[in-house]
Structure formats: structure tokens, C-alpha cells
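What follows is a short report on a single structure.
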Amino acid sequence: MALCSPLRNVCLESPMLWTGERILFRPKTMNNLALYGGTPVREKPYPSWPAAEQLERDQLTEVLSSQQWGGHGKTVAQFETLFAGMHDCKYGIATATGTLALELALTAAGIGEGDEVIVPAHSFVATATAVSRVRAVPVFVDIEHNSYGIDAERMNLAITDRTRAAIVVHFGGLPVDMDRIGKISQDHKLVIIEDAAHAHGAEWHGQRVGSFGLCGTFSFQNSKTMTAGEGGILTTNSEELAIQARSVNDGGRRETEGWFNHFELGSNFRMTAFQAALLSAQLQKLTERIHLREENVEILRDTVCTPGISFQVQPDSVTAHSFYLLVGRIDEKTFGVNRDEFVKAMEAEGIPCRPFYPHPLYKNSLYTEPESPLHRVEPCPEAEFATKDSFWISHRALAGSSEDTLDISRAISKIHEAFQPEKSNGEPSIN
Ligand SMILES: Cc1ncc(COP(=O)(O)O)c(C=O)c1O
């Protein structure tokens with residue numbers, strides 16, 4: 001069956017389509033698209049990720065020849081100190097994954113059964129499941145149109161006398177408005193946990209994320225801009241929280257007490273020395289890599305002037321965006337094609353582009369089944385829109401040269417032009 005763009009009424013698979021009212025034609029320009037057999041904008045892949053350089057290999061070799069491959073030696077401790085310091089924090093507690101860092105944050109902050117925790121309606125599922133796993137109640141709040149971060153106004157309205165905390169997500173690497181979140185936190189005595197899984201090195205007013213709330217959590221999963229395949233860390237300036245988190249992370253031990261003395265209902269969420277070795281190497285390249293991605297995004301800002309496409313808006317207070325993802329949206333009517341066709345066309349042109357999350361978190365079966373964990377959903381129109389019109393481009397595509405980056409603009413214009421209706425001379429054009 002022929003597919004038809006609902007907006008331009010152009011037939012995608014056959015040159016002609018009878019709609020019942022009139023015959024529609026696929027514009028000739030669409031044949032240029034790689035999706036329909038044309039030459040792609042680029043055949044050369046973008047830099048692969050993850051990528052090991054000599055520094056990573058050297059650091060791993062050092063661990064291999066040591067007697068401490070686990071989480072208790074100097075490799076993990078040094079990484080914790082360095083990463084926390086680079087994120088304007090005194091303490092870092094490294095974990096096996098970012099999900100565990102979130103669970104650790106909630107547990108160490110004493111969040112538990114019956115407490116409500118506000119979370120954004122769009123994020124990776126761990127932002128919500130961490131709350132459910134400590135038996136607290138996630139309250140799903142809408143995101144903002146421009147930033148894709150939690151909507152502070154709506155967050156304020158969702159607060160009840162059971163609300164103990166909020167997890168804010170610096171989505172794609174763009175810091176949430178921490179001035180407004182800080183004010184809400186003060187007014188309502190809320191614990192703020194920054195889920196900075198996407199935002200290594202990102203800054204709000206020159207201060208790095210992970211240092212604004214009671215604590216921050218980061219992920220080092222395979223696709224992240226710093227990775228050890230898996231990994232996570234909790235960052236904080238609170239000595240009290242750090243002591244508690246370190247104990248929970250380490251089987252309930254206390255640093256000054258004996259190995260077999262356990263004081264908390266803890267667990268073992270620890271990071272290995274191998275993970276820390278890889279991450280210590282990448283930490284040295286963090287700022288330089290952010291600058292490269294920022295420079296390349298500047299190129300895109302200057303060259304993508306196609307109507308109907310817009311990118312996540314970066315307020316002046318954001319002094320560094322980590323650009324884990326370049327998030328954007330398509331206005332079908334103006335751009336000429338819907339988001340799903342756009343993403344397919346971009347991929348075919350050689351640009352790593354993906355549709356946004358397919359549904360808000362509260363529409364995962366986990367939260368829709370009758371036996372689902374307790375939760376509450378506030379009105380989330382923006383979150384619903386984003387599933388249909390938004391997309392993201394991987395940081396890999398921002399890690400190349402300016403020419404590599406320009407291919408993103410070229411692909412966008414090519415797709416836009418291909419879907420414009422042909423200038424008619426009065427005769428239908430059949431190609
Ligand atoms: C926003 C967000 N929070 C938390 C996580 C969980 O991190 P991890 O995959 O390291 O467990 C992710 C992972 O992608 C994420 O995107």
C-alpha cells in the first residue's frame with residue numbers, strides 16, 4: 001500500500017495516488033532522497049562511540065596489574081574525588097550504574113514509603129522506577145515546550161503535604177532552570193535530586209550541574225558522553241548525605257569501623273576499578289569535548305534556517321550545554337513532512353537521528369496495569385506532543401569536523417526541499 005504524507009498529500013511509494021478526490025503526485029525532488037534511492041549526504045560514518053584511546057588502555061592496564069580490581073582501592077577513590085571536584089562538589093560516591101546512583105540518592109536522603117516525589121513526565125524510565133523501588137510515589141509532571149525540562153510552574157502546583165522531593169532531569173545535557181527549582185525547594189522544603197545522567201560538565205551560571213540540589217546523579221552507560229559501558233556516581237556538598245550514601249553503597253559499613261561491622265540496611269552498588277580507570281581517562285577530555293560539541297552546534301545554529309524545524313532553546317544562564325543529545329522538533333505543516341518520515345530520511349542520509357521517547361513515562365505498562373506501583377499523573381500536554389513531533393541527534397554527530405557538522409544542515413535542507421510541492425505549470429508532473 002502506498003504511504004502518503006498527511007500534510008503535503010505527497011505519495012511516498014508510488015508516483016501517483018488516487019485519494020478519492022484528486023490524483024496526488026510524488027514531487028520529482030523526492031527521488032533525490034537517500035530514502036528513495038538517491039545519493040546520501042554522507043556515507044562516511046560519524047566518529048564511533050565509545051572510543052578507546054591510549055590513555056584509556058594505559059589506565060586499564062594499570063588496574064590489571066594491581067591487586068585491587070574492585071571498588072575499594074585508590075582508582076575508584078581518586079575518580080570520585082576528581083569527578084566531584086569537576087562538578088563543584090566535595091563528595092562523590094561511585095556506583096555500578098546511573099540507575100543505582102538514583103536509588104542510592106533517594107535511600108540516603110531517607111525517602112521511602114508514602115513519600116511523594118515529583119518527576120518529569122519524560123525521561124528514561126529509571127528516573128521514575130528509582131522512586132517506585134524505594135516504595136515512594138512518583139508524581140508525573142509536564143515538561144516545558146522549549147527546554148524539555150520539568151515545568152517549574154506545574155511542579156509547584158503538584159506539591160502536596162506528602163511531597164518530600166523532586167528529581168529534575170537536565171534533559172539532553174541542558175540544565176534545568178536551577179534558580180526557579182531552588183526557590184521552590186526553599187519554599188516547600190523539598191529535597192532536590194538532579195538527574196544529570198545526560199549532563200556531564202553542563203553549567204548553570206558557571207556552576208556545574210550536580211552541585212545545586214541536595215545531590216546529583218550521573219550515568220556512564222554505553223551511549224553517554226563519558227562511559228565505562230555502565231557506571232554512575234552521586235555528587236553532593238552535604239557531608240551528612242555523603243556519609244549515609246557511602247555506607248548504603250558499601251553494605252552498610254562505616255569508613256572508620258571494621259570490615260564486618262554493618263550499621264545500615266545497605267547494599268553493594270559499588271563501581272569497579274576498571275570502570276573508574278576508563279572514566280578517569282575520559283574526565284581529562286570532558287571539557288575539550290564539550291567545547292567541540294558546542295562549537296559544532298553553533299555552526300548548526302548559523303546554518304539551519306529551514307522553516308518548521310526548531311531546537312531545544314538554550315537560555316543565557318546556561319553557560320555550558322553538554323549536548324549528549326541535540327533535541328529538536330518538526331512542525332509538520334511548515335516543514336512538509338512528519339517527524340517519523342523526517343527521522344527515517346535523516347538516517348538514510350547518514351545522520352544518527354532518532355524519534356523522541358514513544359510515550360511519556362506514565363504510559364509505560366509498568367504504570368498503566370491495574371497492579372502498577374502507586375503513582376500520580378498531572379496534566380501533561382507538552383509531554384504528549386513531544387512523543388509525536390520531537391527527535392534527537394546523537395552526540396556522535398557533533399564530535400566531527402565543521403564539514404561533518406554541516407552535513408546535518410545539508411540533510412535537513414535536502415529533506416525539506418524534497419517535500420515541498422512542485423511549482424505547477426498547470427500540468428500534473430509524473431516522474
Ligand atoms: C535521564 C536518565 N536517568 C537515569 C538513567 C539511568 O542510567 P543507567 O543506564 O546508567 O542506569 C538514564 C540512562 O540512560 C537516563 O537517561
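Following the order of the C-alpha cells, first chain is A, next is B, and so on, with residues numbered from 1 inside each chain and ligands from 1 in the order they appear.
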Please identify every polymer residue within 8 Å of ligand 1, using only C-alpha atoms and all ligand atoms, and present the set as JSON, numbers by chain. {"A": [96, 97, 98, 99, 100, 101, 102, 123, 124, 125, 126, 127, 169, 170, 171, 195, 196, 197, 198, 218, 219, 220, 221, 223, 224, 230, 231, 232]}
DSSP helix (DSSP H, G or I) selection over region 256-379 of chain A, as an NGL selection string: :A and (273-283 or 286-303 or 332-335 or 339-348 or 361-363 or 365-368)
Grab the residues selected above and save them as a PDB file, in the first residue's frame with C-alpha atoms.
ATOM      1  CA  ALA A 273      38.308  -0.164  39.394  1.00  0.00           C
ATOM      2  CA  PHE A 274      38.055  -0.966  35.655  1.00  0.00           C
ATOM      3  CA  GLN A 275      35.128   1.409  35.261  1.00  0.00           C
ATOM      4  CA  ALA A 276      36.905   4.108  37.265  1.00  0.00           C
ATOM      5  CA  ALA A 277      40.090   3.703  35.184  1.00  0.00           C
ATOM      6  CA  LEU A 278      38.229   4.274  31.911  1.00  0.00           C
ATOM      7  CA  LEU A 279      36.311   7.200  33.354  1.00  0.00           C
ATOM      8  CA  SER A 280      39.386   8.883  34.837  1.00  0.00           C
ATOM      9  CA  ALA A 281      40.907   8.895  31.359  1.00  0.00           C
ATOM     10  CA  GLN A 282      37.755  10.405  29.839  1.00  0.00           C
ATOM     11  CA  LEU A 283      37.432  13.004  32.579  1.00  0.00           C
ATOM     12  CA  LEU A 286      35.478  16.188  29.197  1.00  0.00           C
ATOM     13  CA  THR A 287      35.760  19.975  28.838  1.00  0.00           C
ATOM     14  CA  GLU A 288      37.530  19.842  25.468  1.00  0.00           C
ATOM     15  CA  ARG A 289      34.856  17.505  24.073  1.00  0.00           C
ATOM     16  CA  ILE A 290      32.049  19.738  25.349  1.00  0.00           C
ATOM     17  CA  HIS A 291      33.657  22.743  23.644  1.00  0.00           C
ATOM     18  CA  LEU A 292      33.865  20.833  20.361  1.00  0.00           C
ATOM     19  CA  ARG A 293      30.178  19.883  20.517  1.00  0.00           C
ATOM     20  CA  GLU A 294      29.217  23.452  21.457  1.00  0.00           C
ATOM     21  CA  GLU A 295      31.212  24.855  18.533  1.00  0.00           C
ATOM     22  CA  ASN A 296      29.571  22.431  16.158  1.00  0.00           C
ATOM     23  CA  VAL A 297      26.102  23.308  17.450  1.00  0.00           C
ATOM     24  CA  GLU A 298      26.951  26.988  16.812  1.00  0.00           C
ATOM     25  CA  ILE A 299      27.583  26.011  13.189  1.00  0.00           C
ATOM     26  CA  LEU A 300      24.157  24.407  13.080  1.00  0.00           C
ATOM     27  CA  ARG A 301      22.502  27.447  14.645  1.00  0.00           C
ATOM     28  CA  ASP A 302      24.037  29.555  11.861  1.00  0.00           C
ATOM     29  CA  THR A 303      23.185  27.223   9.014  1.00  0.00           C
ATOM     30  CA  GLU A 332       4.717  19.078  10.032  1.00  0.00           C
ATOM     31  CA  LYS A 333       2.721  21.821   8.361  1.00  0.00           C
ATOM     32  CA  THR A 334       5.667  24.134   7.838  1.00  0.00           C
ATOM     33  CA  PHE A 335       8.438  21.611   7.293  1.00  0.00           C
ATOM     34  CA  ARG A 339       8.560  13.578  12.408  1.00  0.00           C
ATOM     35  CA  ASP A 340       8.680   9.841  11.662  1.00  0.00           C
ATOM     36  CA  GLU A 341       9.344  10.331   7.941  1.00  0.00           C
ATOM     37  CA  PHE A 342      11.897  13.036   8.798  1.00  0.00           C
ATOM     38  CA  VAL A 343      13.809  10.696  11.115  1.00  0.00           C
ATOM     39  CA  LYS A 344      13.828   7.907   8.526  1.00  0.00           C
ATOM     40  CA  ALA A 345      15.029  10.336   5.868  1.00  0.00           C
ATOM     41  CA  MET A 346      17.808  11.695   8.155  1.00  0.00           C
ATOM     42  CA  GLU A 347      19.013   8.180   8.974  1.00  0.00           C
ATOM     43  CA  ALA A 348      19.058   7.326   5.272  1.00  0.00           C
ATOM     44  CA  LEU A 361       6.761   7.598  31.443  1.00  0.00           C
ATOM     45  CA  TYR A 362       3.277   7.192  32.924  1.00  0.00           C
ATOM     46  CA  LYS A 363       2.143   5.383  29.758  1.00  0.00           C
ATOM     47  CA  SER A 365       2.758  -0.687  31.050  1.00  0.00           C
ATOM     48  CA  LEU A 366       4.519  -0.599  34.388  1.00  0.00           C
ATOM     49  CA  TYR A 367       2.348   2.395  35.336  1.00  0.00           C
ATOM     50  CA  THR A 368      -0.825   1.551  33.389  1.00  0.00           C
TER      51      THR A 368
END
Pick the closest to Pro381 (chain A) from A:Glu144, A:Glu240, A:Glu116, A:Glu62: which is it, counting only C-alpha atoms? A:Glu144
Closest contacts (region 209-293 of chain A/region 78-95 of chain A, max 8 Å, only C-alpha atoms) as JSON lines:
{"residue": "A:Val209", "atom": "CA", "partner": "A:His87", "partner_atom": "CA", "distance": 6.5}
{"residue": "A:Gly210", "atom": "CA", "partner": "A:His87", "partner_atom": "CA", "distance": 6.4}
{"residue": "A:Ser211", "atom": "CA", "partner": "A:Cys89", "partner_atom": "CA", "distance": 5.7}
{"residue": "A:Gly231", "atom": "CA", "partner": "A:Thr95", "partner_atom": "CA", "distance": 6.0}
{"residue": "A:Gly232", "atom": "CA", "partner": "A:Thr95", "partner_atom": "CA", "distance": 4.8}
{"residue": "A:Ile233", "atom": "CA", "partner": "A:Ala94", "partner_atom": "CA", "distance": 4.1}
{"residue": "A:Leu234", "atom": "CA", "partner": "A:Ile93", "partner_atom": "CA", "distance": 5.1}
{"residue": "A:Thr235", "atom": "CA", "partner": "A:Gly92", "partner_atom": "CA", "distance": 4.5}
{"residue": "A:Thr236", "atom": "CA", "partner": "A:Tyr91", "partner_atom": "CA", "distance": 5.4}
{"residue": "A:Asn237", "atom": "CA", "partner": "A:Lys90", "partner_atom": "CA", "distance": 5.1}
{"residue": "A:Ser238", "atom": "CA", "partner": "A:Tyr91", "partner_atom": "CA", "distance": 7.8}
{"residue": "A:Glu239", "atom": "CA", "partner": "A:Tyr91", "partner_atom": "CA", "distance": 7.5}
{"residue": "A:Ala242", "atom": "CA", "partner": "A:Tyr91", "partner_atom": "CA", "distance": 6.4}
{"residue": "A:Ala245", "atom": "CA", "partner": "A:Ile93", "partner_atom": "CA", "distance": 7.2}
{"residue": "A:Arg246", "atom": "CA", "partner": "A:Ile93", "partner_atom": "CA", "distance": 6.2}
{"residue": "A:Asn249", "atom": "CA", "partner": "A:Thr95", "partner_atom": "CA", "distance": 7.4}
{"residue": "A:Phe269", "atom": "CA", "partner": "A:Thr95", "partner_atom": "CA", "distance": 5.2}
{"residue": "A:Arg270", "atom": "CA", "partner": "A:Thr95", "partner_atom": "CA", "distance": 4.5}
{"residue": "A:Met271", "atom": "CA", "partner": "A:Thr95", "partner_atom": "CA", "distance": 4.5}
{"residue": "A:Ala276", "atom": "CA", "partner": "A:Phe79", "partner_atom": "CA", "distance": 6.0}
{"residue": "A:Ala277", "atom": "CA", "partner": "A:Phe79", "partner_atom": "CA", "distance": 7.8}
{"residue": "A:Leu279", "atom": "CA", "partner": "A:Phe79", "partner_atom": "CA", "distance": 7.4}
{"residue": "A:Ser280", "atom": "CA", "partner": "A:Phe79", "partner_atom": "CA", "distance": 5.7}
{"residue": "A:Leu283", "atom": "CA", "partner": "A:Phe83", "partner_atom": "CA", "distance": 7.2}
Selection near Arg354 (chain A), 8 Å with only C-alpha atoms, sequence-local residues under 2 positions removed, as a PyMOL selection string: chain A and resi 343+352+356+391-393
Selected residue, from A:Ala121, A:Gly173, A:Arg329, A:Ser267, that lies nearest to Arg154 (chain A) when counting only C-alpha atoms: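 Looking at the shortest contact to Arg154 (chain A), the residue is A:Ala121.
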Here is a test: counting only C-alpha atoms, which residue of A:Gly336, A:Lys189, A:Glu153, A:Glu53 is nearest to Ala418 (chain A)? A:Gly336
Those of region 78-168 of chain A in DSSP strand (DSSP E or B), formatted as a PyMOL selection string: chain A and resi 91-95+116-120+137-141+143+150+163-168
Writing out the chosen residues with N, CA and C atoms as a PDB file, in the first residue's frame:
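again_2.pdb written:
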ATOM      1  N   TYR A  91      32.012  15.815  47.534  1.00  0.00           N
ATOM      2  CA  TYR A  91      31.964  14.355  47.683  1.00  0.00           C
ATOM      3  C   TYR A  91      31.400  13.685  46.435  1.00  0.00           C
ATOM      4  N   GLY A  92      31.974  12.528  46.120  1.00  0.00           N
ATOM      5  CA  GLY A  92      31.448  11.703  45.025  1.00  0.00           C
ATOM      6  C   GLY A  92      31.394  10.261  45.506  1.00  0.00           C
ATOM      7  N   ILE A  93      30.310   9.566  45.211  1.00  0.00           N
ATOM      8  CA  ILE A  93      30.192   8.145  45.588  1.00  0.00           C
ATOM      9  C   ILE A  93      29.846   7.387  44.306  1.00  0.00           C
ATOM     10  N   ALA A  94      30.810   6.606  43.826  1.00  0.00           N
ATOM     11  CA  ALA A  94      30.662   5.957  42.519  1.00  0.00           C
ATOM     12  C   ALA A  94      29.856   4.667  42.650  1.00  0.00           C
ATOM     13  N   THR A  95      29.021   4.415  41.643  1.00  0.00           N
ATOM     14  CA  THR A  95      28.137   3.246  41.652  1.00  0.00           C
ATOM     15  C   THR A  95      28.292   2.461  40.346  1.00  0.00           C
ATOM     16  N   GLU A 116       5.829  11.405  48.444  1.00  0.00           N
ATOM     17  CA  GLU A 116       5.658  11.709  47.025  1.00  0.00           C
ATOM     18  C   GLU A 116       6.935  12.354  46.479  1.00  0.00           C
ATOM     19  N   VAL A 117       7.305  11.936  45.290  1.00  0.00           N
ATOM     20  CA  VAL A 117       8.494  12.502  44.639  1.00  0.00           C
ATOM     21  C   VAL A 117       8.097  12.946  43.228  1.00  0.00           C
ATOM     22  N   ILE A 118       8.259  14.235  42.966  1.00  0.00           N
ATOM     23  CA  ILE A 118       7.907  14.770  41.645  1.00  0.00           C
ATOM     24  C   ILE A 118       8.985  14.389  40.638  1.00  0.00           C
ATOM     25  N   VAL A 119       8.543  13.889  39.482  1.00  0.00           N
ATOM     26  CA  VAL A 119       9.481  13.550  38.398  1.00  0.00           C
ATOM     27  C   VAL A 119       8.923  14.104  37.085  1.00  0.00           C
ATOM     28  N   PRO A 120       9.790  14.381  36.100  1.00  0.00           N
ATOM     29  CA  PRO A 120       9.262  14.845  34.817  1.00  0.00           C
ATOM     30  C   PRO A 120       8.586  13.697  34.067  1.00  0.00           C
ATOM     31  N   VAL A 137       6.128   7.442  45.951  1.00  0.00           N
ATOM     32  CA  VAL A 137       5.116   7.602  44.903  1.00  0.00           C
ATOM     33  C   VAL A 137       5.603   8.615  43.857  1.00  0.00           C
ATOM     34  N   PRO A 138       5.908   8.167  42.635  1.00  0.00           N
ATOM     35  CA  PRO A 138       6.283   9.169  41.622  1.00  0.00           C
ATOM     36  C   PRO A 138       5.065   9.982  41.198  1.00  0.00           C
ATOM     37  N   VAL A 139       5.253  11.292  41.104  1.00  0.00           N
ATOM     38  CA  VAL A 139       4.183  12.189  40.642  1.00  0.00           C
ATOM     39  C   VAL A 139       4.678  12.779  39.329  1.00  0.00           C
ATOM     40  N   PHE A 140       4.010  12.419  38.242  1.00  0.00           N
ATOM     41  CA  PHE A 140       4.490  12.812  36.916  1.00  0.00           C
ATOM     42  C   PHE A 140       4.009  14.214  36.567  1.00  0.00           C
ATOM     43  N   VAL A 141       4.973  15.091  36.254  1.00  0.00           N
ATOM     44  CA  VAL A 141       4.669  16.498  35.964  1.00  0.00           C
ATOM     45  C   VAL A 141       5.161  16.812  34.546  1.00  0.00           C
ATOM     46  N   ILE A 143       6.587  18.591  31.050  1.00  0.00           N
ATOM     47  CA  ILE A 143       7.850  19.252  30.690  1.00  0.00           C
ATOM     48  C   ILE A 143       7.534  20.586  30.008  1.00  0.00           C
ATOM     49  N   ILE A 150      11.624  19.805  33.302  1.00  0.00           N
ATOM     50  CA  ILE A 150      10.361  19.850  34.049  1.00  0.00           C
ATOM     51  C   ILE A 150       9.822  21.278  34.083  1.00  0.00           C
ATOM     52  N   THR A 163       4.621  15.683  49.603  1.00  0.00           N
ATOM     53  CA  THR A 163       5.764  15.793  48.672  1.00  0.00           C
ATOM     54  C   THR A 163       7.049  16.019  49.469  1.00  0.00           C
ATOM     55  N   ARG A 164       7.996  15.111  49.323  1.00  0.00           N
ATOM     56  CA  ARG A 164       9.270  15.244  50.042  1.00  0.00           C
ATOM     57  C   ARG A 164      10.401  15.664  49.117  1.00  0.00           C
ATOM     58  N   ALA A 165      10.270  15.296  47.836  1.00  0.00           N
ATOM     59  CA  ALA A 165      11.422  15.508  46.951  1.00  0.00           C
ATOM     60  C   ALA A 165      10.978  15.710  45.512  1.00  0.00           C
ATOM     61  N   ALA A 166      11.911  16.194  44.695  1.00  0.00           N
ATOM     62  CA  ALA A 166      11.694  16.254  43.243  1.00  0.00           C
ATOM     63  C   ALA A 166      12.995  15.833  42.572  1.00  0.00           C
ATOM     64  N   ILE A 167      12.835  15.059  41.497  1.00  0.00           N
ATOM     65  CA  ILE A 167      14.007  14.731  40.668  1.00  0.00           C
ATOM     66  C   ILE A 167      13.874  15.546  39.392  1.00  0.00           C
ATOM     67  N   VAL A 168      14.847  16.417  39.144  1.00  0.00           N
ATOM     68  CA  VAL A 168      14.826  17.184  37.894  1.00  0.00           C
ATOM     69  C   VAL A 168      15.871  16.587  36.951  1.00  0.00           C
TER      70      VAL A 168
END
Which residue, A:Gly70, A:Asn146, A:Arg410, A:Asp177, has the smallest gap to Cys305 (chain A) when you use only C-alpha atoms?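 Using only C-alpha atoms, the shortest distance to Cys305 (chain A) belongs to A:Arg410.
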For each of A:Ala77, A:Arg253, A:Gly37, A:Leu106, take the minimum atom-to-atom distance to Ala128 (chain A), counting only C-alpha atoms, then give the residue where this is smallest.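 Under the stated criterion, the closest residue is A:Leu106.
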Which one is closest to Ile243 (chain A): A:Asp316, A:His145, A:Ala105, A:Asp179? Count only C-alpha atoms.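 Nearest candidate to Ile243 (chain A) out of A:Asp316, A:His145, A:Ala105, A:Asp179: A:Ala105.
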Report the distance between CA of Arg180 (chain A) and CA of Thr319 (chain A) in Å, rounded to one decimal place.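 About the pair CA of Arg180 (chain A) and CA of Thr319 (chain A): they are 16.6 Å apart.
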Atom-to-atom span, CA of Trp49 (chain A) and CA of Gly328 (chain A), Å: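 These atoms are spaced 21.6 Å apart.
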